[in-house]
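For reference, start.csv is printed below; it contains CSV, C-alpha atoms.
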chain,number,residue,atom,x,y,z
A,1,MET,CA,-41.0,8.5,-18.8
A,2,ILE,CA,-39.0,9.7,-21.8
A,3,ILE,CA,-36.5,12.5,-21.1
A,4,THR,CA,-36.1,14.9,-24.0
A,5,ASN,CA,-32.8,16.5,-25.1
A,6,TYR,CA,-34.4,19.8,-23.9
A,7,GLN,CA,-35.0,18.5,-20.4
A,8,ILE,CA,-31.4,17.1,-20.3
A,9,MET,CA,-30.1,20.5,-21.3
A,10,ILE,CA,-32.1,22.3,-18.7
A,11,ILE,CA,-31.1,19.8,-16.0
A,12,VAL,CA,-27.4,20.2,-16.9
A,13,GLU,CA,-27.7,24.0,-16.9
A,14,VAL,CA,-29.3,23.9,-13.4
A,15,VAL,CA,-27.5,21.1,-11.6
A,16,PHE,CA,-24.0,21.3,-13.0
A,17,PRO,CA,-23.1,24.9,-11.9
A,18,ILE,CA,-24.5,24.2,-8.4
A,19,PHE,CA,-22.4,21.1,-7.8
A,20,ALA,CA,-19.4,22.6,-9.6
A,21,ILE,CA,-19.3,25.5,-7.1
A,22,ALA,CA,-19.6,22.9,-4.2
A,23,LEU,CA,-16.8,20.9,-5.8
A,24,LEU,CA,-14.6,24.0,-6.0
A,25,GLY,CA,-15.2,24.6,-2.3
A,26,TYR,CA,-14.2,21.0,-1.5
A,27,ILE,CA,-11.0,21.2,-3.6
A,28,VAL,CA,-10.0,24.5,-2.0
A,29,ALA,CA,-10.5,23.1,1.5
A,30,TYR,CA,-9.0,19.7,0.8
A,31,LYS,CA,-5.9,21.3,-0.7
A,32,GLY,CA,-5.5,23.5,2.4
A,33,ILE,CA,-5.8,26.7,0.4
A,34,PHE,CA,-8.6,27.7,2.9
A,35,GLY,CA,-8.2,26.5,6.5
A,36,ILE,CA,-11.0,25.6,8.9
A,37,ARG,CA,-11.1,29.2,10.3
A,38,ASP,CA,-11.5,30.6,6.7
A,39,ILE,CA,-14.4,28.2,6.0
A,40,GLU,CA,-16.0,29.1,9.4
A,41,GLY,CA,-15.7,32.8,8.5
A,42,ILE,CA,-17.4,32.4,5.1
A,43,SER,CA,-20.1,30.2,6.8
A,44,ARG,CA,-20.9,32.9,9.3
A,45,TYR,CA,-21.2,35.4,6.5
A,46,VAL,CA,-23.5,33.1,4.6
A,47,PHE,CA,-25.8,32.3,7.5
A,48,ASN,CA,-25.8,35.7,9.3
A,49,ILE,CA,-25.7,38.1,6.5
A,50,ALA,CA,-25.9,36.9,2.8
A,51,ILE,CA,-28.8,34.4,3.1
A,52,PRO,CA,-30.9,36.6,5.4
A,53,VAL,CA,-30.5,39.6,3.1
A,54,MET,CA,-31.4,37.5,0.1
A,55,LEU,CA,-34.5,36.1,1.8
A,56,PHE,CA,-35.5,39.6,2.8
A,57,GLU,CA,-35.2,40.8,-0.8
A,58,ALA,CA,-37.1,37.8,-2.2
A,59,MET,CA,-39.9,37.8,0.4
A,60,ALA,CA,-40.3,41.6,0.1
A,61,GLY,CA,-40.9,41.3,-3.7
A,62,LEU,CA,-43.0,38.2,-3.7
A,63,ASP,CA,-46.6,38.2,-5.1
A,64,PHE,CA,-48.6,36.1,-2.7
A,65,PRO,CA,-51.5,34.0,-4.1
A,66,GLU,CA,-55.0,34.7,-2.8
A,67,ASN,CA,-55.3,31.3,-1.3
A,68,ILE,CA,-52.4,29.3,0.2
A,69,ASP,CA,-53.0,25.5,0.5
A,70,PHE,CA,-51.7,24.5,3.9
A,71,ALA,CA,-52.1,20.9,3.0
A,72,PHE,CA,-48.7,21.5,1.4
A,73,LEU,CA,-47.2,21.9,4.9
A,74,LEU,CA,-49.1,18.9,6.2
A,75,SER,CA,-47.8,16.8,3.3
A,76,TYR,CA,-44.2,17.6,4.2
A,77,TYR,CA,-44.2,17.8,8.0
A,78,LEU,CA,-46.6,14.9,8.7
A,79,ILE,CA,-44.1,12.7,6.9
A,80,ALA,CA,-41.1,14.4,8.6
A,81,VAL,CA,-42.4,13.6,12.0
A,82,THR,CA,-43.3,10.1,10.9
A,83,MET,CA,-39.8,9.6,9.6
A,84,PHE,CA,-38.4,10.9,12.9
A,85,ALA,CA,-40.5,8.4,14.9
A,86,LEU,CA,-39.6,5.6,12.5
A,87,GLY,CA,-35.9,6.4,12.8
A,88,ILE,CA,-36.2,6.2,16.6
A,89,GLY,CA,-37.9,2.9,16.5
A,90,LEU,CA,-35.7,1.3,13.9
A,91,SER,CA,-32.4,2.5,15.5
A,92,LYS,CA,-33.6,1.0,18.8
A,93,ILE,CA,-34.5,-2.4,17.2
A,94,TRP,CA,-31.7,-2.7,14.7
A,95,PHE,CA,-28.8,-1.0,16.5
A,96,ASN,CA,-29.8,-1.1,20.2
A,97,TYR,CA,-29.2,2.7,20.4
A,98,SER,CA,-29.6,4.8,23.5
A,99,ALA,CA,-32.1,7.7,23.7
A,100,PRO,CA,-29.6,10.4,22.4
A,101,GLU,CA,-28.4,8.1,19.6
A,102,GLN,CA,-32.0,7.3,18.6
A,103,SER,CA,-32.8,11.0,18.4
A,104,VAL,CA,-29.8,11.9,16.3
A,105,PHE,CA,-30.4,8.9,14.0
A,106,GLY,CA,-34.1,9.9,13.7
A,107,MET,CA,-33.1,13.5,12.9
A,108,GLY,CA,-30.8,12.2,10.1
A,109,THR,CA,-33.7,10.4,8.5
A,110,CYS,CA,-35.9,13.6,8.2
A,111,TYR,CA,-33.8,16.8,8.4
A,112,SER,CA,-32.9,18.2,5.0
A,113,ASN,CA,-30.2,20.5,3.9
A,114,ALA,CA,-32.9,23.0,3.1
A,115,VAL,CA,-30.9,26.3,2.9
A,116,LEU,CA,-27.5,25.5,1.5
A,117,ILE,CA,-28.6,23.0,-1.2
A,118,GLY,CA,-32.4,23.0,-1.2
A,119,LEU,CA,-32.8,26.8,-1.8
A,120,PRO,CA,-30.4,27.1,-4.8
A,121,LEU,CA,-31.6,23.9,-6.4
A,122,ILE,CA,-35.3,24.5,-6.1
A,123,SER,CA,-35.2,28.2,-6.9
A,124,THR,CA,-33.0,27.7,-9.9
A,125,GLY,CA,-34.7,24.5,-11.1
A,126,LEU,CA,-38.3,25.3,-10.6
A,127,GLY,CA,-38.2,29.1,-10.9
A,128,GLU,CA,-39.5,32.1,-9.0
A,129,ALA,CA,-42.9,30.6,-8.5
A,130,ALA,CA,-41.3,28.0,-6.2
A,131,LEU,CA,-39.9,30.5,-3.8
A,132,LEU,CA,-42.9,31.0,-1.6
A,133,PRO,CA,-43.4,27.3,-0.8
A,134,THR,CA,-39.7,26.9,-0.3
A,135,PHE,CA,-39.6,29.8,2.2
A,136,MET,CA,-42.6,28.3,4.0
A,137,LEU,CA,-40.7,25.1,4.6
A,138,ILE,CA,-37.5,26.8,5.6
A,139,ALA,CA,-39.4,29.0,8.1
A,140,VAL,CA,-40.4,26.2,10.4
A,141,HIS,CA,-38.1,23.4,9.3
A,142,SER,CA,-35.5,23.7,12.1
A,143,ALA,CA,-38.0,24.7,14.8
A,144,ILE,CA,-40.1,21.5,14.5
A,145,ILE,CA,-37.2,19.1,14.1
A,146,PHE,CA,-34.9,20.7,16.8
A,147,PHE,CA,-37.8,20.6,19.3
A,148,LEU,CA,-38.4,16.9,18.7
A,149,VAL,CA,-34.7,15.9,18.8
A,150,THR,CA,-34.1,17.8,22.0
A,151,LEU,CA,-37.2,16.4,23.6
A,152,PHE,CA,-36.5,12.8,22.8
A,153,ALA,CA,-32.7,12.9,23.3
A,154,GLU,CA,-33.2,14.0,26.9
A,155,ARG,CA,-36.3,11.9,27.8
A,156,ASN,CA,-34.3,9.4,29.8
A,157,ASP,CA,-32.1,12.0,31.4
A,158,GLY,CA,-32.8,12.7,35.1
A,159,ILE,CA,-32.1,16.4,34.6
A,160,SER,CA,-33.9,16.7,31.2
A,161,GLN,CA,-35.9,19.8,30.5
A,162,SER,CA,-39.7,19.8,30.4
A,163,PRO,CA,-41.4,20.0,26.9
A,164,LEU,CA,-42.5,23.5,27.8
A,165,ALA,CA,-38.9,24.6,28.6
A,166,ILE,CA,-37.6,23.0,25.4
A,167,GLY,CA,-40.4,24.7,23.4
A,168,LYS,CA,-39.5,28.1,25.0
A,169,GLN,CA,-35.8,27.5,24.2
A,170,THR,CA,-36.6,26.5,20.6
A,171,LEU,CA,-38.8,29.6,20.2
A,172,VAL,CA,-36.1,31.9,21.6
A,173,SER,CA,-33.5,30.3,19.2
A,174,LEU,CA,-35.9,30.8,16.3
A,175,VAL,CA,-36.5,34.5,17.1
A,176,LYS,CA,-32.8,35.1,17.1
A,177,ASN,CA,-32.1,33.1,13.9
A,178,PRO,CA,-30.9,35.5,11.2
A,179,ILE,CA,-32.6,33.5,8.5
A,180,ILE,CA,-36.0,33.8,10.2
A,181,ILE,CA,-35.4,37.5,10.9
A,182,GLY,CA,-34.7,38.0,7.1
A,183,LEU,CA,-37.9,36.1,6.2
A,184,VAL,CA,-40.1,37.9,8.7
A,185,ALA,CA,-38.6,41.4,7.8
A,186,GLY,CA,-39.2,40.7,4.1
A,187,LEU,CA,-42.8,39.5,4.8
A,188,LEU,CA,-43.6,42.6,6.9
A,189,THR,CA,-42.1,44.9,4.2
A,190,ASN,CA,-44.3,43.2,1.6
A,191,VAL,CA,-47.5,43.1,3.6
A,192,LEU,CA,-47.2,46.6,4.9
A,193,ALA,CA,-46.0,48.0,1.6
A,194,ILE,CA,-43.0,49.6,3.2
A,195,PRO,CA,-41.0,51.5,0.6
A,196,VAL,CA,-37.3,50.5,0.3
A,197,PRO,CA,-35.1,53.4,-0.9
A,198,ARG,CA,-33.4,52.6,-4.2
A,199,VAL,CA,-29.9,52.9,-2.7
A,200,ILE,CA,-30.8,50.4,0.0
A,201,ALA,CA,-32.4,48.1,-2.5
A,202,SER,CA,-29.3,48.2,-4.7
A,203,THR,CA,-27.1,47.3,-1.7
A,204,VAL,CA,-29.4,44.5,-0.6
A,205,ASP,CA,-29.4,43.1,-4.2
A,206,ILE,CA,-25.6,43.0,-4.4
A,207,ILE,CA,-25.3,41.2,-1.0
A,208,GLY,CA,-28.2,38.8,-1.9
A,209,ARG,CA,-26.6,37.8,-5.2
A,210,SER,CA,-23.5,36.5,-3.2
A,211,ALA,CA,-25.6,34.3,-1.0
A,212,LEU,CA,-26.2,31.2,-3.1
A,213,PRO,CA,-22.7,30.8,-4.6
A,214,SER,CA,-21.2,31.4,-1.1
A,215,ALA,CA,-23.6,28.8,0.4
A,216,LEU,CA,-22.7,26.2,-2.2
A,217,PHE,CA,-19.0,26.9,-1.7
A,218,VAL,CA,-19.4,26.3,2.1
A,219,VAL,CA,-21.2,23.0,1.4
A,220,GLY,CA,-18.3,21.7,-0.6
A,221,ALA,CA,-15.7,23.0,1.8
A,222,SER,CA,-17.6,21.4,4.7
A,223,LEU,CA,-17.4,18.0,3.1
A,224,SER,CA,-13.7,18.1,3.6
A,225,VAL,CA,-14.5,18.1,7.4
A,226,TYR,CA,-17.4,15.6,7.3
A,227,LYS,CA,-15.6,12.5,6.2
A,228,LEU,CA,-16.5,8.8,5.6
A,229,ALA,CA,-15.9,8.1,9.2
A,230,GLY,CA,-17.1,4.5,9.4
A,231,GLN,CA,-20.2,2.7,10.5
A,232,LEU,CA,-21.3,2.7,6.9
A,233,ARG,CA,-24.2,0.2,7.5
A,234,VAL,CA,-25.8,2.7,9.8
A,235,ALA,CA,-24.9,5.6,7.5
A,236,TRP,CA,-26.5,3.9,4.4
A,237,THR,CA,-29.6,3.2,6.5
A,238,ILE,CA,-30.0,6.9,7.3
A,239,VAL,CA,-29.4,7.8,3.6
A,240,GLY,CA,-31.9,5.3,2.4
A,241,LEU,CA,-34.6,6.5,4.7
A,242,LYS,CA,-33.8,10.1,4.1
A,243,MET,CA,-33.5,10.2,0.3
A,244,LEU,CA,-35.8,7.4,-0.8
A,245,VAL,CA,-38.5,6.7,1.8
A,246,GLN,CA,-39.2,10.3,2.9
A,247,PRO,CA,-39.7,11.8,-0.6
A,248,LEU,CA,-41.7,8.8,-1.7
A,249,LEU,CA,-44.1,9.2,1.3
A,250,VAL,CA,-44.3,13.0,0.7
A,251,TRP,CA,-45.1,12.4,-2.9
A,252,LEU,CA,-47.9,10.0,-1.9
A,253,LEU,CA,-49.5,12.6,0.4
A,254,ALA,CA,-49.0,15.6,-1.8
A,255,PHE,CA,-50.0,14.1,-5.2
A,256,VAL,CA,-52.3,11.2,-4.3
A,257,VAL,CA,-54.0,12.0,-0.9
A,258,PHE,CA,-54.2,15.9,-0.9
A,259,GLN,CA,-53.6,16.5,-4.6
A,260,ILE,CA,-52.1,19.9,-4.0
A,261,ASP,CA,-50.8,22.3,-6.7
A,262,PRO,CA,-48.2,20.3,-8.8
A,263,LEU,CA,-45.5,23.0,-8.4
A,264,TRP,CA,-45.9,23.1,-4.6
A,265,GLY,CA,-46.0,19.3,-4.5
A,266,ALA,CA,-42.7,19.3,-6.5
A,267,VAL,CA,-41.1,21.6,-4.0
A,268,ALA,CA,-42.2,19.3,-1.1
A,269,VAL,CA,-40.9,16.2,-2.8
A,270,MET,CA,-37.6,17.8,-3.8
A,271,MET,CA,-37.0,19.2,-0.3
A,272,ALA,CA,-37.8,15.8,1.2
A,273,ALA,CA,-35.2,14.3,-1.1
A,274,MET,CA,-32.4,16.7,-0.1
A,275,PRO,CA,-29.3,15.3,1.5
A,276,VAL,CA,-28.9,15.1,5.3
A,277,GLY,CA,-28.5,18.6,6.8
A,278,ILE,CA,-25.3,19.7,8.4
A,279,ASN,CA,-27.1,20.6,11.6
A,280,VAL,CA,-27.6,16.8,12.3
A,281,TYR,CA,-23.8,16.7,12.9
A,282,MET,CA,-24.1,19.6,15.3
A,283,PHE,CA,-26.6,17.6,17.4
A,284,ALA,CA,-24.5,14.5,17.1
A,285,LYS,CA,-21.6,16.5,18.6
A,286,LYS,CA,-23.9,18.0,21.3
A,287,TYR,CA,-25.0,14.6,22.5
A,288,GLN,CA,-21.8,12.7,21.5
A,289,ALA,CA,-24.0,10.3,19.6
A,290,CYS,CA,-23.8,8.8,16.1
A,291,LEU,CA,-20.9,11.0,15.1
A,292,ALA,CA,-19.3,8.6,12.6
A,293,PRO,CA,-22.5,7.4,10.8
A,294,VAL,CA,-23.9,11.0,10.6
A,295,SER,CA,-20.6,12.3,9.2
A,296,SER,CA,-20.6,9.5,6.6
A,297,ALA,CA,-24.3,10.0,5.8
A,298,ILE,CA,-23.8,13.7,5.1
A,299,VAL,CA,-21.0,12.9,2.6
A,300,ILE,CA,-22.8,10.1,0.9
A,301,SER,CA,-26.2,11.9,0.7
A,302,THR,CA,-24.7,15.2,-0.6
A,303,THR,CA,-22.8,13.3,-3.3
A,304,LEU,CA,-25.8,11.3,-4.3
A,305,ALA,CA,-28.0,14.5,-4.5
A,306,PHE,CA,-26.3,15.4,-7.8
A,307,PHE,CA,-28.0,12.3,-9.4
A,308,THR,CA,-31.2,12.1,-7.3
A,309,GLN,CA,-32.1,15.8,-7.7
A,310,SER,CA,-31.4,15.6,-11.5
A,311,ILE,CA,-33.9,12.8,-11.7
A,312,LEU,CA,-36.5,14.7,-9.8
A,313,LEU,CA,-36.0,17.8,-12.0
A,314,ALA,CA,-36.5,15.6,-15.1
A,315,ILE,CA,-39.8,14.5,-13.6
A,316,PHE,CA,-41.0,17.9,-12.5
A,317,ILE,CA,-39.8,20.2,-15.3
Produce structure tokens that represent the structure in this file.
Amino acid sequence: MIITNYQIMIIVEVVFPIFAIALLGYIVAYKGIFGIRDIEGISRYVFNIAIPVMLFEAMAGLDFPENIDFAFLLSYYLIAVTMFALGIGLSKIWFNYSAPEQSVFGMGTCYSNAVLIGLPLISTGLGEAALLPTFMLIAVHSAIIFFLVTLFAERNDGISQSPLAIGKQTLVSLVKNPIIIGLVAGLLTNVLAIPVPRVIASTVDIIGRSALPSALFVVGASLSVYKLAGQLRVAWTIVGLKMLVQPLLVWLLAFVVFQIDPLWGAVAVMMAAMPVGINVYMFAKKYQACLAPVSSAIVISTTLAFFTQSILLAIFI
């Protein structure tokens, strides 16, 4: 494949501002200009207000196609579940991990940073037409993976919850999730043709425009917390499975097996190639399992994403 000067210019215009904002966040946090409490405050604003409002606005104004190819979801989530199972098996064979460690390792191999990095990169790089498939992935991303991780992490625990109880807990968490609330509210507004007063729409637009830069700033600031904490062999294994094997398998299903719409296939592959999501570290802390390799994997994969996502944009533009 020959990359033209035009493609290079487009890639630089898309990728550089995104990672420059993240770098600014890292520098500000690393230098101590913003403390941990400051970063946590911005993070709460991003997840609880800015992104939900942005998703509401985008979903409310989307033009839905007549037919949605649900092979798109199958292309992504069939591989995500496969990667999770593969991660569990490999971590048991290679590292002799316990059940919680296997589950956290497996989550690291399949759980993407879909909102903080995936959303700005894909929406900016592939355009407005990529929003609907991106939202579809975000809507069920956490629910599926969180359920699997909790189920398998507690399978050898004498007081573990039943799959039904875990499913109920996951559903309740999903219903309370501000991001899901924003998506569903926007969808209902769109489908029911609910008019939004101009003054409300203007307010929503202003808040929504702050979402992506704030999210990227939080990503960079968070990297000052998630450090290269050791166990690099395990960390690189997670990164290799997450950023090479997963997108390759998604590409195979999307473009070879199901032959879905090229734009939707590009969204699936780019999302699969996103760095390890920060929520993996939250589960590592919850189960006190794989803290060091997960922290290292987040830093390594987020740094590498600058290059890997640039290559994917060169392919798909």
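Counting from CA of Ile117 (chain A), the distance to CA of Ala50 (chain A) is 14.7 Å.
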Open item on the list: I need the residue nearest Phe217 (chain A) from this list: A:Ile145, A:Ala29, A:Ala60, A:Val245. Use all atoms listed in the file for the distance.
Closed with: A:Ala29
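Of the residues listed (A:Ile10, A:Ala268, A:Tyr226, A:Ile300), A:Ala268 shows the shortest atom-to-atom separation from Gly118 (chain A); distances use only C-alpha atoms.
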Open item on the list: If I take CA of Met136 (chain A) and CA of Glu13 (chain A), how far is one from the other in Å, to one decimal?
Closed with: 26.0 Å
- [ ] Rank A:Gly220, A:Pro17, A:Pro52, A:Gly32 by their smallest atom-to-atom distance to Asn177 (chain A), using only C-alpha atoms, and report the top residue only.
- [x] A:Pro52
- [ ] Quote the spacing between CA of Ile8 (chain A) and CA of Ile317 (chain A) in Å to one decimal place.
- [x] 10.3 Å
TODO: Show which residues sit within 12 Å of Ser43 (chain A), as a PyMOL selection string. Count all atoms listed in the file, and ignore same-chain residues fewer than 5 positions away.
DONE: chain A and resi 25+36-38+48-51+116+211-222+278
TODO: Write out as a PyMOL selection string which residues come within 8 Å of Lys242 (chain A) when counting all atoms listed in the file, dropping same-chain ones fewer than 6 positions away.
DONE: chain A and resi 108-111+272-276
Writer output for current selection, C-alpha atoms, as a CSV table (one decimal), keeping the file's coordinate frame:
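Output (selection.csv):
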chain,number,residue,atom,x,y,z
A,108,GLY,CA,-30.8,12.2,10.1
A,109,THR,CA,-33.7,10.4,8.5
A,110,CYS,CA,-35.9,13.6,8.2
A,111,TYR,CA,-33.8,16.8,8.4
A,272,ALA,CA,-37.8,15.8,1.2
A,273,ALA,CA,-35.2,14.3,-1.1
A,274,MET,CA,-32.4,16.7,-0.1
A,275,PRO,CA,-29.3,15.3,1.5
A,276,VAL,CA,-28.9,15.1,5.3
Open item on the list: I'd like the neighbourhood of Val104 (chain A) as a list in words, where a residue qualifies if any of its atoms comes within 9 Å (using all atoms listed in the file), though same-chain residues fewer than 6 positions away should be ignored.
Closed with: Gly87, Ile88, Val149, Ala153, Val280, Tyr281, Phe283, Ala284, Tyr287, Ala289, Cys290 and Val294 of chain A
Emit a file covering region 178-193 of chain A of the preceding structure with N, CA, C and O atoms, as a short mmCIF file (atom, residue, chain, number, x, y, z; two decimals), in the first residue's frame.
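Final output, out_35.cif:
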data_model
loop_
_atom_site.label_atom_id
_atom_site.label_comp_id
_atom_site.auth_asym_id
_atom_site.auth_seq_id
_atom_site.Cartn_x
_atom_site.Cartn_y
_atom_site.Cartn_z
N PRO A 178 -24.18 6.89 33.32
CA PRO A 178 -24.55 8.14 32.63
C PRO A 178 -24.35 8.08 31.12
O PRO A 178 -25.11 8.70 30.37
N ILE A 179 -23.33 7.35 30.67
CA ILE A 179 -23.07 7.25 29.24
C ILE A 179 -24.22 6.53 28.53
O ILE A 179 -24.69 6.95 27.47
N ILE A 180 -24.70 5.44 29.15
CA ILE A 180 -25.83 4.71 28.57
C ILE A 180 -27.09 5.56 28.63
O ILE A 180 -27.90 5.57 27.69
N ILE A 181 -27.26 6.29 29.72
CA ILE A 181 -28.43 7.18 29.85
C ILE A 181 -28.44 8.21 28.73
O ILE A 181 -29.47 8.49 28.11
N GLY A 182 -27.26 8.79 28.44
CA GLY A 182 -27.14 9.77 27.36
C GLY A 182 -27.49 9.17 26.01
O GLY A 182 -28.22 9.79 25.21
N LEU A 183 -26.98 7.97 25.75
CA LEU A 183 -27.27 7.30 24.48
C LEU A 183 -28.76 6.99 24.32
O LEU A 183 -29.36 7.26 23.28
N VAL A 184 -29.35 6.42 25.36
CA VAL A 184 -30.76 6.03 25.30
C VAL A 184 -31.66 7.26 25.19
O VAL A 184 -32.62 7.28 24.40
N ALA A 185 -31.35 8.31 25.96
CA ALA A 185 -32.15 9.54 25.89
C ALA A 185 -32.09 10.15 24.50
O ALA A 185 -33.10 10.61 23.96
N GLY A 186 -30.89 10.15 23.91
CA GLY A 186 -30.75 10.67 22.55
C GLY A 186 -31.49 9.83 21.54
O GLY A 186 -32.12 10.36 20.61
N LEU A 187 -31.43 8.51 21.71
CA LEU A 187 -32.15 7.60 20.81
C LEU A 187 -33.66 7.83 20.87
O LEU A 187 -34.32 7.92 19.83
N LEU A 188 -34.19 7.94 22.08
CA LEU A 188 -35.64 8.16 22.25
C LEU A 188 -36.05 9.51 21.66
O LEU A 188 -37.11 9.63 21.02
N THR A 189 -35.21 10.53 21.87
CA THR A 189 -35.50 11.85 21.31
C THR A 189 -35.56 11.79 19.79
O THR A 189 -36.41 12.41 19.15
N ASN A 190 -34.66 11.01 19.22
CA ASN A 190 -34.60 10.86 17.76
C ASN A 190 -35.80 10.09 17.23
O ASN A 190 -36.51 10.55 16.35
N VAL A 191 -36.04 8.91 17.80
CA VAL A 191 -37.09 8.01 17.31
C VAL A 191 -38.48 8.62 17.49
O VAL A 191 -39.34 8.51 16.61
N LEU A 192 -38.69 9.27 18.64
CA LEU A 192 -40.01 9.85 18.94
C LEU A 192 -40.17 11.28 18.41
O LEU A 192 -41.21 11.89 18.61
N ALA A 193 -39.09 11.77 17.75
CA ALA A 193 -39.12 13.12 17.17
C ALA A 193 -39.50 14.16 18.22
O ALA A 193 -40.33 15.05 17.97
#
